[in-house]
Amino acid sequence: MSNFFNLRRFCRLFVKHTAEHYRIYLMSIAVLIGVLVLGGSFLFFVIPGPPDPGLQTALFFILMLIAGTVFTSTIFSDFGDRKKAIPALTLPATAFEKYLVGWVYSYPIFLLIYTTVFYLALWGLSISRNWGPNEHFTMFSINQGILPTIWVIYSVLHAIAILGAIFFRSLHFIKTGFAFFISYAVLVIANTVFIKLITGLNIIKLAMPFGYLNFNSNNKDYSMAIGRSDSLLVLIVFALVALLTWIAAYYRLKEKQV
């Protein structure tokens with residue numbers, strides 16, 4: 001058998017993982033449904049009119065990031081926990097197969113289930129309220145221009161959640177979130193200082209990477225942003241960041257198994 005990946009061995013490991021954790025996963029889905037229904041009920045019955053597709057997309061995106069990163073951190077936390085790491089790492093399977101099982105559950109399976117549950121909850125809430133004669137509910141479409149951006153951002157945060165869960169020994173999600181926000185703050189400050197040094201501009205606000213650049217010149221305020229033609233390049237850069245972080249997390253897991 002291959003020392004890297006064997007389909008039969010991977011399938012057995014996947015079945016074993018499912019048998020051991022399916023109750024927790026079903027409870028997680030139930031909690032997700034409860035959050036969507038209760039939160040959605042409050043939103044539907046407090047807002048006077050039907051929520052527009054833009055608000056629905058924002059809620060879909062924000063909840064996906066929160067639920068997805070928490071779920072991902074939970075799946076891979078066994079590899080960081082001292083007590084649980086030994087039985088998890090000594091299973092008769094390769095590091096890549098163990099990594100792939102968690103990745104499949106936390107990425108394609110999670111996205112499929114989350115999207116299905118969100119749409120079902122949104123559809124159920126939409127038919128539970130009687131709208132006025134001039135009010136019409138329009139459900140947002142996941143097949144829209146913002147979808148690649150949502151997918152890439154989730155990929156980056158998903159990869160960071162895996163790396164943090166494997167790297168830290170306890171409080172994986174909290175420590176990962178703390179490290180992420182500290183690192184991002186340092187990156188924003190360094191980016192602002194770097195742009196100020198190379199351009200000599202009087203920058204008004206902090207300059208986020210690939211974000212708006214606000215500066216003052218001749219007592220006038222200006223704002224610059226990346227053009228639409230460069231947006232694809234930015235998405236490619238972030239996709240590469242996600243890919244490299246996934247690879248780094250795998251090698252961190254492989255290092256622990258060795």
# chains A, B, ... in the order shown; residues from 1 in each chain; ligands from 1
$ residues_around --residues "segment 235-243 of chain A" --least-positions-apart "2" --cutoff "6 Å" --atoms "only C-alpha atoms" --output "PDB file with C-alpha atoms, in the first residue's frame"
ATOM      1  CA  VAL A 152     -11.897  32.640  -1.396  1.00  0.00           C
ATOM      2  CA  SER A 155     -10.941  29.239   2.079  1.00  0.00           C
ATOM      3  CA  VAL A 156      -8.361  31.517   3.725  1.00  0.00           C
ATOM      4  CA  ALA A 159      -7.011  27.133   6.257  1.00  0.00           C
ATOM      5  CA  LEU A 232      -9.289  38.643 -10.300  1.00  0.00           C
ATOM      6  CA  LEU A 233      -5.597  38.986  -9.518  1.00  0.00           C
ATOM      7  CA  THR A 245      -1.739  27.621   4.527  1.00  0.00           C
ATOM      8  CA  TRP A 246      -3.465  24.278   3.857  1.00  0.00           C
TER       9      TRP A 246
END
$ select_by_dssp --residues "segment 67-243 of chain A" --states "alpha helix (DSSP H)" --output "PyMOL selection string"
chain A and resi 67-76+82-89+95-104+110-128+147-167+172-199+231-243
$ closest_residue --among "A:Leu125, A:Val234, A:Leu163, A:Ala248" --to "Phe45 of chain A" --atoms "only C-alpha atoms"
A:Leu125
